[in-house]
Each structure stands twice: as C-alpha cells, then as structure tokens.
>>> print(open('run-v9.txt').read())   # compact mmCIF, C-alpha atoms
# COMPACT_ATOMS: atom_id res chain seq x y z
CA MET N 16 -10.06 -25.15 15.16
CA ARG N 17 -13.40 -25.95 13.58
CA GLY N 18 -13.20 -28.89 11.15
CA LEU N 19 -9.41 -29.08 10.92
CA SER N 20 -8.73 -32.71 11.62
CA LEU N 21 -5.54 -34.22 10.27
CA GLU N 22 -7.69 -36.09 7.76
CA ASN N 23 -9.17 -32.84 6.43
CA ILE N 24 -5.76 -31.16 6.40
CA ILE N 25 -4.34 -34.00 4.31
CA ALA N 26 -7.29 -33.84 1.91
CA ALA N 27 -7.05 -30.04 1.56
CA SER N 28 -3.29 -29.99 1.07
CA GLY N 29 -3.01 -33.13 -1.05
CA GLY N 30 -0.26 -34.28 1.30
CA GLU N 31 1.14 -37.74 2.05
CA TYR N 32 0.67 -38.90 5.63
CA PHE N 33 3.26 -40.72 7.73
CA GLY N 34 2.11 -41.83 11.16
CA ASP N 35 -0.54 -43.54 13.25
CA SER N 36 -3.86 -43.67 11.39
CA ALA N 37 -5.68 -43.49 14.72
CA LEU N 38 -4.68 -39.81 14.92
CA LEU N 39 -6.33 -38.85 11.64
CA SER N 40 -9.62 -37.87 13.29
CA LYS N 41 -7.92 -35.53 15.78
CA GLU N 42 -8.37 -31.78 15.24
CA VAL N 43 -5.39 -29.45 15.55
CA THR N 44 -5.59 -26.63 18.10
CA ALA N 45 -3.68 -24.12 15.94
CA ILE N 46 -1.41 -23.86 12.90
CA THR N 47 1.90 -22.01 13.07
CA SER N 48 5.15 -21.70 11.14
CA ASP N 49 6.92 -20.14 14.15
CA SER N 50 8.54 -22.74 16.39
CA ARG N 51 8.39 -20.26 19.28
CA LYS N 52 4.58 -20.27 19.13
CA VAL N 53 4.04 -24.01 19.22
CA GLU N 54 1.28 -25.11 21.60
CA PRO N 55 0.07 -28.60 22.55
CA GLY N 56 -2.00 -30.13 19.77
CA CYS N 57 -0.98 -27.69 17.03
CA LEU N 58 0.19 -28.28 13.47
CA PHE N 59 3.72 -27.00 12.81
CA ALA N 60 4.43 -25.89 9.24
CA ALA N 61 8.09 -26.28 8.31
CA ILE N 62 9.07 -23.64 5.75
CA PRO N 63 12.54 -23.64 4.16
CA GLY N 64 14.11 -20.18 4.14
CA GLU N 65 17.31 -18.52 2.96
CA ARG N 66 18.77 -18.33 6.47
CA VAL N 67 16.67 -20.73 8.53
CA ASP N 68 15.02 -24.00 7.53
CA GLY N 69 11.87 -24.73 9.52
CA HIS N 70 12.45 -28.46 9.04
CA ASP N 71 15.35 -28.22 11.50
CA PHE N 72 12.88 -27.38 14.28
CA ILE N 73 10.57 -30.38 13.77
CA PRO N 74 12.15 -32.54 16.50
CA ALA N 75 11.88 -29.74 19.07
CA VAL N 76 8.30 -28.75 18.26
CA MET N 77 7.10 -32.35 18.29
CA ALA N 78 8.77 -32.82 21.67
CA ALA N 79 7.01 -29.64 22.84
CA GLY N 80 3.60 -31.16 22.14
CA ALA N 81 2.75 -30.41 18.50
CA LEU N 82 0.23 -32.94 17.19
CA CYS N 83 1.78 -33.10 13.72
CA SER N 84 4.21 -31.36 11.36
CA ILE N 85 3.81 -30.56 7.70
CA GLY N 86 6.67 -29.88 5.32
CA GLU N 87 8.63 -30.79 2.24
CA LYS N 88 11.32 -33.05 3.70
CA LEU N 89 10.55 -36.24 5.60
CA PRO N 90 12.15 -36.10 9.07
CA GLU N 91 13.78 -39.00 10.87
CA GLU N 92 11.64 -42.13 11.19
CA ASN N 93 10.84 -41.71 14.86
CA ILE N 94 9.41 -38.20 14.38
CA ARG N 95 5.79 -38.78 13.47
CA PRO N 96 3.10 -37.92 12.51
CA PHE N 97 4.19 -35.92 9.48
CA ILE N 98 2.48 -34.71 6.30
CA ARG N 99 4.74 -34.35 3.27
CA VAL N 100 3.78 -31.81 0.60
CA PRO N 101 5.61 -30.46 -2.47
CA ASN N 102 5.45 -26.84 -1.18
CA THR N 103 4.62 -25.91 2.41
CA ILE N 104 3.37 -22.38 1.72
CA GLU N 105 1.09 -23.58 -1.08
CA ALA N 106 -0.22 -26.30 1.23
CA LEU N 107 -1.03 -23.70 3.90
CA GLN N 108 -2.90 -21.67 1.30
CA SER N 109 -5.03 -24.67 0.37
CA ILE N 110 -5.71 -25.50 4.02
CA ALA N 111 -6.65 -21.87 4.71
CA GLU N 112 -9.07 -21.88 1.76
CA PHE N 113 -10.72 -24.99 3.22
CA TYR N 114 -10.85 -23.46 6.72
CA ARG N 115 -12.35 -20.19 5.47
CA ARG N 116 -15.41 -22.11 4.22
CA GLU N 117 -16.19 -23.08 7.82
CA PHE N 118 -17.17 -19.47 8.66
CA ASP N 119 -20.41 -17.87 7.50
CA ILE N 120 -19.63 -14.40 8.81
CA PRO N 121 -18.92 -11.01 7.14
CA PHE N 122 -15.41 -10.87 5.69
CA VAL N 123 -14.02 -7.45 4.71
CA GLY N 124 -10.99 -7.59 2.41
CA ILE N 125 -8.82 -4.46 2.37
CA THR N 126 -6.20 -3.44 -0.19
CA GLY N 127 -4.67 -0.35 -1.78
CA SER N 128 -1.31 1.33 -2.30
CA VAL N 129 -1.52 3.55 0.76
CA GLY N 130 -3.20 3.20 4.14
CA LYS N 131 -4.15 -0.50 4.10
CA THR N 132 -3.10 -1.14 7.68
CA THR N 133 -4.61 2.10 8.96
CA ALA N 134 -7.91 1.31 7.23
CA LYS N 135 -7.81 -2.26 8.53
CA GLU N 136 -7.33 -1.06 12.09
CA MET N 137 -10.03 1.60 11.75
CA VAL N 138 -12.62 -0.74 10.21
CA ALA N 139 -11.87 -3.38 12.84
CA SER N 140 -12.14 -0.79 15.62
CA VAL N 141 -15.54 0.32 14.34
CA LEU N 142 -16.93 -3.17 13.78
CA SER N 143 -15.66 -4.26 17.19
CA GLN N 144 -18.33 -2.09 18.77
CA HIS N 145 -20.93 -4.56 17.47
CA TYR N 146 -19.08 -7.73 16.39
CA ASN N 147 -16.38 -10.01 17.75
CA VAL N 148 -13.78 -9.14 15.10
CA HIS N 149 -10.79 -11.14 13.92
CA LYS N 150 -8.28 -8.99 12.05
CA THR N 151 -4.91 -9.22 10.37
CA ALA N 152 -2.11 -8.90 12.90
CA GLY N 153 0.72 -6.53 11.99
CA ASN N 154 1.56 -6.79 8.31
CA PHE N 155 0.61 -10.46 7.84
CA ASN N 156 -0.96 -9.59 4.50
CA ASN N 157 0.93 -11.64 1.92
CA GLU N 158 0.89 -15.18 0.49
CA LEU N 159 1.97 -16.64 3.85
CA GLY N 160 0.57 -14.01 6.21
CA VAL N 161 -3.01 -14.25 4.92
CA PRO N 162 -3.31 -18.03 5.53
CA LEU N 163 -1.75 -17.65 8.98
CA THR N 164 -4.23 -14.85 9.70
CA LEU N 165 -7.17 -17.04 8.74
CA PHE N 166 -5.91 -19.81 11.01
CA GLY N 167 -6.52 -17.40 13.90
CA LEU N 168 -10.28 -17.55 13.34
CA ARG N 169 -12.26 -19.19 16.12
CA GLU N 170 -15.93 -20.04 16.71
CA GLU N 171 -16.51 -16.89 18.76
CA HIS N 172 -15.61 -14.54 15.90
CA THR N 173 -18.56 -12.91 14.15
CA ALA N 174 -16.69 -10.77 11.58
CA ALA N 175 -13.24 -10.69 9.96
CA VAL N 176 -11.18 -7.81 8.55
CA ILE N 177 -8.37 -9.10 6.34
CA GLU N 178 -5.61 -6.94 4.85
CA MET N 179 -4.23 -8.10 1.50
CA GLY N 180 -0.98 -6.72 0.10
CA ILE N 181 0.61 -7.55 -3.23
CA SER N 182 3.37 -6.32 -5.53
CA HIS N 183 2.87 -8.45 -8.67
CA PHE N 184 0.03 -9.36 -11.01
CA GLY N 185 -1.76 -12.56 -10.03
CA GLU N 186 -0.96 -12.39 -6.33
CA MET N 187 -4.28 -10.79 -5.41
CA SER N 188 -6.16 -13.46 -7.37
CA LEU N 189 -4.51 -16.04 -5.14
CA LEU N 190 -5.27 -14.15 -1.91
CA THR N 191 -8.91 -13.40 -2.75
CA LYS N 192 -9.45 -17.05 -3.69
CA ILE N 193 -8.40 -17.91 -0.14
CA VAL N 194 -10.23 -15.10 1.69
CA LYS N 195 -13.41 -14.91 -0.39
CA PRO N 196 -14.44 -11.55 1.12
CA ASN N 197 -18.08 -10.48 1.19
CA TYR N 198 -16.96 -6.86 0.99
CA GLY N 199 -13.92 -5.29 -0.63
CA LEU N 200 -12.35 -1.99 0.40
CA PHE N 201 -9.84 -0.06 -1.71
CA THR N 202 -7.93 2.78 -0.03
CA VAL N 203 -5.85 4.61 -2.65
CA ILE N 204 -4.26 3.63 -5.97
CA GLY N 205 -0.87 5.30 -5.74
CA HIS N 206 2.68 5.14 -7.00
CA ALA N 207 3.67 1.92 -5.26
CA HIS N 208 5.33 -1.21 -6.69
CA LEU N 209 5.66 0.53 -10.07
CA GLU N 210 8.82 -1.46 -10.61
CA PHE N 211 6.58 -4.52 -11.07
CA LEU N 212 3.20 -3.05 -12.03
CA GLY N 213 4.29 -0.29 -14.42
CA VAL N 214 1.82 2.56 -13.99
CA ARG N 215 -1.07 3.44 -11.64
CA ARG N 216 -3.59 1.73 -13.93
CA GLY N 217 -1.45 -1.38 -13.61
CA VAL N 218 -1.65 -1.01 -9.84
CA LEU N 219 -5.45 -0.73 -10.09
CA LYS N 220 -5.62 -3.82 -12.29
CA ALA N 221 -3.49 -5.85 -9.89
CA LYS N 222 -5.32 -4.69 -6.76
CA GLY N 223 -8.66 -5.03 -8.54
CA GLU N 224 -8.17 -8.77 -8.77
CA MET N 225 -9.67 -8.79 -5.25
CA VAL N 226 -13.12 -8.45 -6.82
CA GLU N 227 -12.74 -11.94 -8.35
CA GLY N 228 -13.35 -13.44 -4.92
CA ILE N 229 -16.44 -11.36 -4.11
CA ASN N 230 -19.84 -12.69 -5.14
CA ALA N 231 -22.23 -10.68 -7.28
CA GLU N 232 -24.13 -9.44 -4.21
CA GLY N 233 -20.95 -8.24 -2.50
CA LYS N 234 -20.20 -4.53 -2.22
CA ILE N 235 -17.11 -2.46 -2.87
CA PHE N 236 -15.99 0.48 -0.74
CA CYS N 237 -13.44 2.86 -2.20
CA CYS N 238 -11.93 6.28 -1.71
CA GLY N 239 -13.88 8.52 -4.08
CA ASP N 240 -11.16 11.17 -3.91
CA ASP N 241 -8.88 8.85 -5.90
CA ASP N 242 -9.42 9.53 -9.60
CA LEU N 243 -8.96 5.90 -10.73
CA LEU N 244 -11.17 4.44 -8.02
CA SER N 245 -13.83 7.08 -8.57
CA GLU N 246 -14.23 6.09 -12.23
CA ALA N 247 -13.62 2.34 -11.82
CA ASP N 248 -16.39 -0.13 -12.61
CA PHE N 249 -15.95 -3.24 -10.48
CA GLY N 250 -19.17 -4.91 -11.62
CA ARG N 251 -20.48 -4.64 -8.05
CA GLU N 252 -22.29 -1.94 -6.09
CA LYS N 253 -19.67 0.69 -5.25
CA ILE N 254 -19.84 2.94 -2.18
CA CYS N 255 -17.47 5.90 -2.34
CA TYR N 256 -16.21 7.68 0.76
CA GLY N 257 -14.14 10.85 0.88
CA LEU N 258 -14.30 14.64 0.76
CA GLY N 259 -15.69 15.09 -2.76
CA GLU N 260 -19.33 15.67 -3.65
CA ASN N 261 -19.31 12.37 -5.55
CA CYS N 262 -18.80 10.50 -2.27
CA LEU N 263 -21.79 8.93 -0.55
CA VAL N 264 -20.04 9.04 2.83
CA ARG N 265 -18.31 12.39 3.38
CA ALA N 266 -16.55 14.45 6.04
CA GLU N 267 -17.41 18.06 6.84
CA ASN N 268 -16.30 20.61 9.44
CA ILE N 269 -12.75 19.23 9.65
CA ARG N 270 -10.44 20.63 12.31
CA THR N 271 -7.40 19.63 14.37
CA THR N 272 -6.97 19.95 18.13
CA ASP N 273 -3.82 21.03 19.95
CA ASP N 274 -3.15 17.47 21.08
CA GLY N 275 -3.07 16.20 17.48
CA SER N 276 -6.55 14.70 17.28
CA THR N 277 -8.66 15.26 14.17
CA LEU N 278 -12.34 16.15 14.43
CA CYS N 279 -14.99 16.09 11.72
CA THR N 280 -18.66 15.44 10.98
CA VAL N 281 -19.52 12.26 9.08
CA VAL N 282 -22.34 12.74 6.58
CA LYS N 283 -24.37 10.19 4.61
CA GLY N 284 -27.69 11.52 3.34
CA GLU N 285 -29.69 12.52 6.39
CA ARG N 286 -27.25 10.84 8.78
CA ARG N 287 -24.84 13.26 10.47
CA PHE N 288 -22.65 12.66 13.51
CA ASP N 289 -19.43 14.04 14.94
CA VAL N 290 -16.32 11.91 15.38
CA SER N 291 -12.91 12.33 17.00
CA ILE N 292 -9.89 10.59 15.47
CA ASN N 293 -6.99 9.84 17.77
CA ALA N 294 -4.36 10.53 15.10
CA TYR N 295 -2.98 13.28 12.89
CA GLY N 296 -3.29 13.95 9.17
CA GLU N 297 -5.77 14.15 6.33
CA HIS N 298 -5.37 10.47 5.49
CA MET N 299 -6.82 9.66 8.91
CA ILE N 300 -10.07 11.30 7.83
CA SER N 301 -10.15 8.94 4.86
CA ALA N 302 -9.58 5.95 7.15
CA ALA N 303 -12.34 7.11 9.51
CA LEU N 304 -14.73 7.49 6.59
CA ALA N 305 -13.82 3.98 5.43
CA GLY N 306 -14.68 2.68 8.87
CA ALA N 307 -17.92 4.65 8.91
CA ALA N 308 -18.95 3.44 5.44
CA VAL N 309 -18.39 -0.22 6.34
CA GLY N 310 -20.04 0.23 9.73
CA MET N 311 -23.16 1.79 8.20
CA GLU N 312 -23.44 -1.01 5.66
CA LEU N 313 -23.15 -3.65 8.38
CA GLY N 314 -25.87 -2.07 10.50
CA LEU N 315 -23.98 -0.17 13.20
CA SER N 316 -25.54 2.89 14.82
CA ASP N 317 -24.02 6.37 14.65
CA GLU N 318 -23.01 6.04 18.31
CA GLU N 319 -21.27 2.72 17.71
CA ILE N 320 -19.37 4.08 14.70
CA ALA N 321 -18.27 7.23 16.54
CA ARG N 322 -17.15 5.13 19.51
CA GLY N 323 -15.17 2.80 17.24
CA ILE N 324 -13.42 5.69 15.48
CA ALA N 325 -12.54 7.27 18.83
CA ALA N 326 -11.11 3.93 20.01
CA TYR N 327 -8.66 3.70 17.09
CA GLU N 328 -5.00 3.70 18.09
CA PRO N 329 -2.15 4.35 15.60
CA VAL N 330 -0.07 1.27 14.78
CA GLY N 331 3.71 1.58 14.87
CA ALA N 332 5.28 4.65 13.28
CA ARG N 333 2.21 5.65 11.28
CA ALA N 334 1.33 9.34 11.53
CA ARG N 335 1.86 9.54 15.28
CA LEU N 336 2.07 13.07 16.60
CA ILE N 337 4.69 13.19 19.34
CA LYS N 338 5.06 16.38 21.34
CA THR N 339 8.18 17.09 23.39
CA ASP N 340 9.11 20.22 25.29
CA PHE N 341 11.22 21.23 22.29
CA LEU N 342 9.24 20.32 19.14
CA SER N 343 6.39 18.35 17.57
CA ILE N 344 7.22 15.21 15.59
CA ILE N 345 4.95 13.68 12.94
CA ASP N 346 6.41 10.18 13.12
CA ASP N 347 5.36 8.58 9.82
CA CYS N 348 8.50 6.61 9.04
CA TYR N 349 6.86 3.19 8.69
CA ASN N 350 6.77 3.45 4.91
CA SER N 351 6.52 5.89 2.03
CA ASN N 352 5.56 6.32 -1.60
CA PRO N 353 4.75 9.48 -3.58
CA THR N 354 1.03 9.32 -2.86
CA SER N 355 1.34 8.87 0.90
CA LEU N 356 4.16 11.43 1.05
CA ALA N 357 2.04 14.04 -0.73
CA SER N 358 -0.72 13.49 1.83
CA SER N 359 1.74 13.79 4.72
CA LEU N 360 3.22 16.98 3.26
CA ARG N 361 -0.24 18.54 2.98
CA SER N 362 -0.90 17.70 6.62
CA LEU N 363 2.45 19.22 7.60
CA ALA N 364 1.71 22.37 5.59
CA SER N 365 -1.54 22.89 7.51
CA VAL N 366 0.11 23.38 10.90
CA GLU N 367 1.13 26.68 12.45
CA GLY N 368 4.78 27.65 12.86
CA ARG N 369 7.93 26.44 11.10
CA LYS N 370 7.54 23.22 9.14
CA VAL N 371 10.39 20.79 8.51
CA ALA N 372 10.28 17.52 6.54
CA ILE N 373 12.98 14.87 6.96
CA LEU N 374 12.62 12.61 3.93
CA GLY N 375 14.34 9.46 2.74
CA ASP N 376 14.23 7.25 -0.32
CA MET N 377 11.01 5.66 -1.58
CA PHE N 378 11.62 2.20 -3.02
CA GLU N 379 10.11 0.13 -5.87
CA LEU N 380 9.20 3.10 -8.07
CA GLY N 381 10.75 1.72 -11.24
CA GLU N 382 12.52 3.74 -13.90
CA ASN N 383 10.70 6.97 -12.99
CA GLY N 384 11.86 6.85 -9.38
CA GLU N 385 14.22 9.80 -9.62
CA GLN N 386 11.64 12.00 -11.32
CA LEU N 387 8.99 11.10 -8.74
CA HIS N 388 11.38 12.06 -5.94
CA PHE N 389 12.09 15.37 -7.68
CA GLU N 390 8.37 16.12 -7.99
CA CYS N 391 7.84 15.41 -4.29
CA GLY N 392 10.53 17.93 -3.40
CA LYS N 393 8.97 20.47 -5.72
CA TYR N 394 5.55 19.83 -4.16
CA ALA N 395 6.93 20.44 -0.67
CA LEU N 396 8.27 23.80 -1.85
CA GLU N 397 4.92 24.72 -3.41
CA LEU N 398 3.08 23.83 -0.19
CA GLY N 399 5.21 26.21 1.84
CA VAL N 400 7.29 23.70 3.83
CA ASP N 401 10.12 25.72 5.37
CA LYS N 402 12.94 23.17 5.29
CA LEU N 403 13.69 19.74 3.83
CA LEU N 404 16.43 17.47 5.16
CA CYS N 405 16.95 14.57 2.78
CA CYS N 406 18.97 11.37 3.00
CA GLY N 407 19.49 8.58 0.48
CA GLY N 408 20.59 8.23 -3.11
CA LEU N 409 17.19 8.89 -4.67
CA SER N 410 16.44 11.64 -2.17
CA ALA N 411 19.13 13.79 -3.75
CA ALA N 412 16.47 14.36 -6.44
CA THR N 413 13.97 15.33 -3.72
CA ALA N 414 16.41 17.98 -2.52
CA ARG N 415 16.93 19.29 -6.06
CA GLY N 416 13.18 19.59 -6.53
CA ALA N 417 12.83 21.62 -3.34
CA GLY N 418 15.69 23.95 -4.23
CA GLU N 419 17.10 26.31 -1.61
CA ILE N 420 14.93 25.04 1.27
CA ALA N 421 16.56 21.58 1.08
CA LYS N 422 19.77 19.97 2.29
CA HIS N 423 20.94 16.52 1.26
CA PHE N 424 22.97 14.26 3.54
CA GLU N 425 25.05 11.35 2.33
CA SER N 426 24.20 9.21 5.36
CA LYS N 427 21.59 8.88 8.06
CA GLU N 428 24.31 9.33 10.66
CA SER N 429 25.42 12.68 9.25
CA LEU N 430 21.80 13.87 9.15
CA ILE N 431 21.27 12.88 12.79
CA ALA N 432 24.48 14.67 13.77
CA ALA N 433 23.17 17.87 12.13
CA LEU N 434 19.74 17.86 13.81
CA SER N 435 20.76 20.15 16.67
CA GLN N 436 21.80 22.80 14.14
CA GLU N 437 18.92 22.33 11.71
CA ILE N 438 15.93 22.01 14.07
CA GLU N 439 14.63 24.94 16.12
CA LYS N 440 12.48 25.03 19.22
CA GLY N 441 8.79 24.97 18.28
CA ASP N 442 9.31 23.25 14.89
CA THR N 443 6.89 20.65 13.57
CA VAL N 444 8.95 17.91 11.93
CA LEU N 445 7.66 15.22 9.56
CA VAL N 446 9.79 12.06 9.35
CA LYS N 447 9.00 9.81 6.39
CA ALA N 448 10.80 7.25 4.22
CA SER N 449 10.46 3.70 2.96
CA ARG N 450 10.75 1.10 5.68
CA GLY N 451 14.19 -0.05 4.58
CA MET N 452 15.67 3.37 5.39
CA LYS N 453 15.01 2.76 9.12
CA PHE N 454 14.16 6.38 9.83
CA GLU N 455 12.88 5.44 13.27
CA ASP N 456 16.47 6.18 14.30
CA ILE N 457 15.89 9.80 13.27
CA SER N 458 12.61 9.98 15.17
CA ALA N 459 14.38 8.68 18.25
CA ALA N 460 17.12 11.32 17.88
CA LEU N 461 14.54 14.09 17.49
CA LYS N 462 12.92 13.13 20.78
CA GLU N 463 16.23 13.78 22.54
CA LEU N 464 16.65 17.34 21.25
CA LYS N 465 16.55 20.04 23.92
>>> encode(input="run-v9.txt", output="structure tokens")
Amino acid sequence: MRGLSLENIIAASGGEYFGDSALLSKEVTAITSDSRKVEPGCLFAAIPGERVDGHDFIPAVMAAGALCSIGEKLPEENIRPFIRVPNTIEALQSIAEFYRREFDIPFVGITGSVGKTTAKEMVASVLSQHYNVHKTAGNFNNELGVPLTLFGLREEHTAAVIEMGISHFGEMSLLTKIVKPNYGLFTVIGHAHLEFLGVRRGVLKAKGEMVEGINAEGKIFCCGDDDLLSEADFGREKICYGLGENCLVRAENIRTTDDGSTLCTVVKGERRFDVSINAYGEHMISAALAGAAVGMELGLSDEEIARGIAAYEPVGARARLIKTDFLSIIDDCYNSNPTSLASSLRSLASVEGRKVAILGDMFELGENGEQLHFECGKYALELGVDKLLCCGGLSAATARGAGEIAKHFESKESLIAALSQEIEKGDTVLVKASRGMKFEDISAALKELK
C-alpha cells in the first residue's frame, strides 16, 4: 500500500505505538477488520462490537502473519507491535483520509436515496472500458465501509467509484472529507430515512453534504427527472441526465426485449448511440444514463460507453428478471422505499399479461410511514396492477390503499403457503420489500411453482 508505513499510520491516527521501533518504516500490505481476511504484513483493526470484540482475535491474527494491530485495548505484553487509539473506526477514517491523498486519479462519489449501488456498478462498468477502476464492494458505503473500500486502492488503479450511504445529518460531511471526490453523482432524492431526516428536502440537504468535499472545478451529475435535484444549485457545474427535455444526457426510443433486456438510444447534443441494458425496469435506464454522462465527461467514446453498459450485471436481488416455465419474476427484494417502489410498479405495469406485486414493509419512513404505504397501494391500483399480496404490519395500509385487488397476510409463511392459489401460469410477479423483511424467501418459493 503506497505510503502506509507504520510511522505514517501512527501519525495519521494519532495513536500510541507499542513495539519494536525498527518496524516503524515498514509498509503494511493491507488493512482489514475481518480476522478471516488477514494476510502476511497487513494491519488488523480490532473493532469492539455488540456480539464480537475484534480485540479477542489479535493473538490469532498476529500469529497468522499480521504486521501490526490497531485497537482500543492494549493486548498482552508479548503481542506486539500494537497501536492504541481512542476509537478504532475513527482511526481508520483518519488513515483512509491520509491514504486517499496518495492517489491523483478521478474519484466519482455516488449517493442518493434510490439506486446508489446500481449506479455505482453501471458507472464502474462503463469506466472500466477505459480505466482500471476500483469500486465499492457490496454495500461497504458507510463510516466503516468507505475507509475499508479506500484501503483496497493500489498503484495500478486509474479511477475510483465510491458509493456513500448515510441516514443522519453530518455523516456525508465525514465521508466526503475522506473520499474527496472529483465528481459527485446523485441518483434520486426519495422517501428514505425520513425517520431521521424529516422530509425529502432534509434528505437532499443531508446527501448534498457530499459537495463539501468536491473542489470548485469538480462537476455534479444528477437525475434531472427528480424535481429537487433538477432545481438544486450545488455551486458547481451540474450535468443532468434523464428522460426530460431539461436533461443534457437523455434516452430515446426505449423498448424492452422478451429476455428482459432494456434497449434505448443515448442522446447528448449531436452524439447519439444505441445501448443494451442487461436488466429490467425504468430505473435501469436512469443508471445507464448516469454511466453514459460520467463516461462522456471522462473522455470515453460512444463505443466504449455502449460496451460498458452492455457489460453491466445486476447485483444481488436488484431488479433481476427471472423466467421459469410457469411465470416471470421481477426479483427486486433487496430493499424498498416509496420512490423505488413507485418505479418498480411502473415497470411492472408496462408488461403484457397479468401483473402481480408481492409487497412488504418499507422501514425508516417516520411518522408518515402508514400513509406512504397506503399511497403506494393506491398507486398500484391506478397503474392497473391486477393483484397485490402484502405482508407486514405497515403493509396492511398498502393493501387498504389498493382495495379489492389486494390481500394482506399476517406472516411471510402464510403468504408463501398461498402462492400456489394466488399465482397463475404466465403471471409477471414483482417481489419488493425492505431488506429486513427477507423477501428472498418468497422469490425462492416462486421459482418452485409449477
């Protein structure tokens, strides 16, 4: 790792060193908080948790070849070297901020209420056609995940795409101070984390803290179809992408193939080129346009951008279209909030044949949660969805909003037991809920229907 000697780590973290001073000039090979990922020469970060205390693993990781450990509690005398800090996570943040300064490459920071991970994967896929891209793995997008992501940077990387997720005011200020992106991308400002951020404008304010880390010459990309982002003034050049006429980068001639791919023409001024998106739903068009907008700004050709969009692969249970001999499943059960659900319902409504939505609770919506669930059910009815199967305490309001087309189940198990009676051959079924509902069990049961 470039420049990360124990001496620099101690200086960056403000830690107290215990061990042989002859080792201070040695550079660590990696930094990890997972004892299962320890490699020779790495720095192990011991983090105390509710169920597991990382300090308990220090003897084992040092025996496995770690160069040094860092943590809050001094281990036994014979386990050295060790760096003691008041707070391990805060120390990792400071070390990551130091390490980030070692890289003079384009950094793209990505945030939003909906579609952060999809946009991150799409932008990285596009840029990978021209750059050696380092990107956030999985959902490592928080106060610990972002530093660990940055520690994955190596000399061969020529661009970085970093996802940043928050749920409280001030968190984004911390993350952007660490990442210092050259470019910022906002997906959608939706009804997420309202329990902590109040209203959508509060969400915009909290997410908008990302701009604090971007210099005056940096540029902002945002979905111009979002009313708040369209009107927002970030004090930087803003490039809007989307379907509206106000968007600099737009999509035209949108259509869907039988295998679930989405096709469209990307347009920016005189530039026009066709792309194929290996995923289903209108939000995938937005992600593709985000990738195209960033790619154009960073000098990629039309061919490179189209190739990168075509190379995108859905991550986890995010808008995957699964076809069986019995039905089609839109597996979008990774997470949910009213904004992303509305988008998924519109995509469902656009298909031929009978349309069924299996919906669960959406969390962290604050005091208006029940009303927001009701409105989602009402919206499904207005769109022409044929049947709603709902599960969860809040989703009883979704069923009320949808009226006669809806059924509410007290448990996930009772809903699964009823699938053979409720689902017909040839149906297209959307499965969507907040992650904590674990609706992947429902998707798995749907695949078994015959």
>>> closest_atom_pairs(input="run-v9.txt", of="segment 375-410 of chain N", to="segment 346-349 of chain N", cutoff="12 Å", atoms="all atoms listed in the file", output="JSON lines")
{"residue": "N:Gly375", "atom": "CA", "partner": "N:Cys348", "partner_atom": "CA", "distance": 9.1}
{"residue": "N:Asp376", "atom": "CA", "partner": "N:Cys348", "partner_atom": "CA", "distance": 11.0}
{"residue": "N:Met377", "atom": "CA", "partner": "N:Cys348", "partner_atom": "CA", "distance": 11.0}
>>> closest_residue(input="run-v9.txt", among="N:Lys234, N:Arg215, N:Lys402, N:Lys283", to="Gly127 of chain N", atoms="only C-alpha atoms")
N:Arg215
>>> residues_around(input="run-v9.txt", residues="segment 238-254 of chain N", least_positions_apart="6", cutoff="8 Å", atoms="all atoms listed in the file", output="PDB file with C-alpha atoms, keeping the file's coordinate frame")
ATOM      1  CA  PHE N 201      -9.840  -0.060  -1.710  1.00  0.00           C
ATOM      2  CA  THR N 202      -7.930   2.780  -0.030  1.00  0.00           C
ATOM      3  CA  VAL N 203      -5.850   4.610  -2.650  1.00  0.00           C
ATOM      4  CA  ILE N 204      -4.260   3.630  -5.970  1.00  0.00           C
ATOM      5  CA  ARG N 216      -3.590   1.730 -13.930  1.00  0.00           C
ATOM      6  CA  LEU N 219      -5.450  -0.730 -10.090  1.00  0.00           C
ATOM      7  CA  GLY N 223      -8.660  -5.030  -8.540  1.00  0.00           C
ATOM      8  CA  VAL N 226     -13.120  -8.450  -6.820  1.00  0.00           C
ATOM      9  CA  ALA N 231     -22.230 -10.680  -7.280  1.00  0.00           C
ATOM     10  CA  GLU N 232     -24.130  -9.440  -4.210  1.00  0.00           C
ATOM     11  CA  ASN N 261     -19.310  12.370  -5.550  1.00  0.00           C
ATOM     12  CA  CYS N 262     -18.800  10.500  -2.270  1.00  0.00           C
ATOM     13  CA  LEU N 263     -21.790   8.930  -0.550  1.00  0.00           C
ATOM     14  CA  VAL N 264     -20.040   9.040   2.830  1.00  0.00           C
ATOM     15  CA  SER N 301     -10.150   8.940   4.860  1.00  0.00           C
ATOM     16  CA  ALA N 305     -13.820   3.980   5.430  1.00  0.00           C
ATOM     17  CA  ALA N 308     -18.950   3.440   5.440  1.00  0.00           C
TER      18      ALA N 308
END
>>> closest_residue(input="run-v9.txt", among="N:Leu398, N:Cys255, N:Ile73, N:Ala357", to="Phe236 of chain N", atoms="all atoms listed in the file")
N:Cys255
>>> residues_around(input="run-v9.txt", residues="Asp274 of chain N", least_positions_apart="4", cutoff="12 Å", atoms="only C-alpha atoms", output="ChimeraX atom specification")
/N:270,278,291-295,335-339,343-344
>>> closest_residue(input="run-v9.txt", among="N:Ala395, N:Ile24, N:Ala37, N:Val141", to="Glu328 of chain N", atoms="all atoms listed in the file")
N:Val141
>>> closest_residue(input="run-v9.txt", among="N:Met16, N:Ala303, N:Val43, N:Ala26", to="Ala106 of chain N", atoms="all atoms listed in the file")
N:Ala26
>>> atom_distance(input="run-v9.txt", atom1="atom CA of Leu89 of chain N", atom2="atom CA of Met77 of chain N")
13.7 Å
>>> residues_around(input="run-v9.txt", residues="Phe378 of chain N", least_positions_apart="5", cutoff="12 Å", atoms="all atoms listed in the file", output="number ranges by chain")
N: 206-211, 350-353, 383-385, 387-388, 407-410, 448-452
>>> residues_around(input="run-v9.txt", residues="Ala302 of chain N", least_positions_apart="6", cutoff="8 Å", atoms="only C-alpha atoms", output="MDAnalysis selection string")
chainID N and resid 130 133:134 137:138
>>> residues_near_point(input="run-v9.txt", point="(-7.0, -3.9, 10.8)", cutoff="9 Å", atoms="only C-alpha atoms", output="ChimeraX atom specification")
/N:125,131-140,149-153,176-178
>>> write_last_selection(input="run-v9.txt", atoms="C-alpha atoms", output="short mmCIF file (atom, residue, chain, number, x, y, z; two decimals), keeping the file's coordinate frame")
data_model
loop_
_atom_site.label_atom_id
_atom_site.label_comp_id
_atom_site.auth_asym_id
_atom_site.auth_seq_id
_atom_site.Cartn_x
_atom_site.Cartn_y
_atom_site.Cartn_z
CA ILE N 125 -8.82 -4.46 2.37
CA LYS N 131 -4.15 -0.50 4.10
CA THR N 132 -3.10 -1.14 7.68
CA THR N 133 -4.61 2.10 8.96
CA ALA N 134 -7.91 1.31 7.23
CA LYS N 135 -7.81 -2.26 8.53
CA GLU N 136 -7.33 -1.06 12.09
CA MET N 137 -10.03 1.60 11.75
CA VAL N 138 -12.62 -0.74 10.21
CA ALA N 139 -11.87 -3.38 12.84
CA SER N 140 -12.14 -0.79 15.62
CA HIS N 149 -10.79 -11.14 13.92
CA LYS N 150 -8.28 -8.99 12.05
CA THR N 151 -4.91 -9.22 10.37
CA ALA N 152 -2.11 -8.90 12.90
CA GLY N 153 0.72 -6.53 11.99
CA VAL N 176 -11.18 -7.81 8.55
CA ILE N 177 -8.37 -9.10 6.34
CA GLU N 178 -5.61 -6.94 4.85
#
>>> atom_distance(input="run-v9.txt", atom1="atom CA of Ile94 of chain N", atom2="atom CA of Asp68 of chain N")
16.7 Å
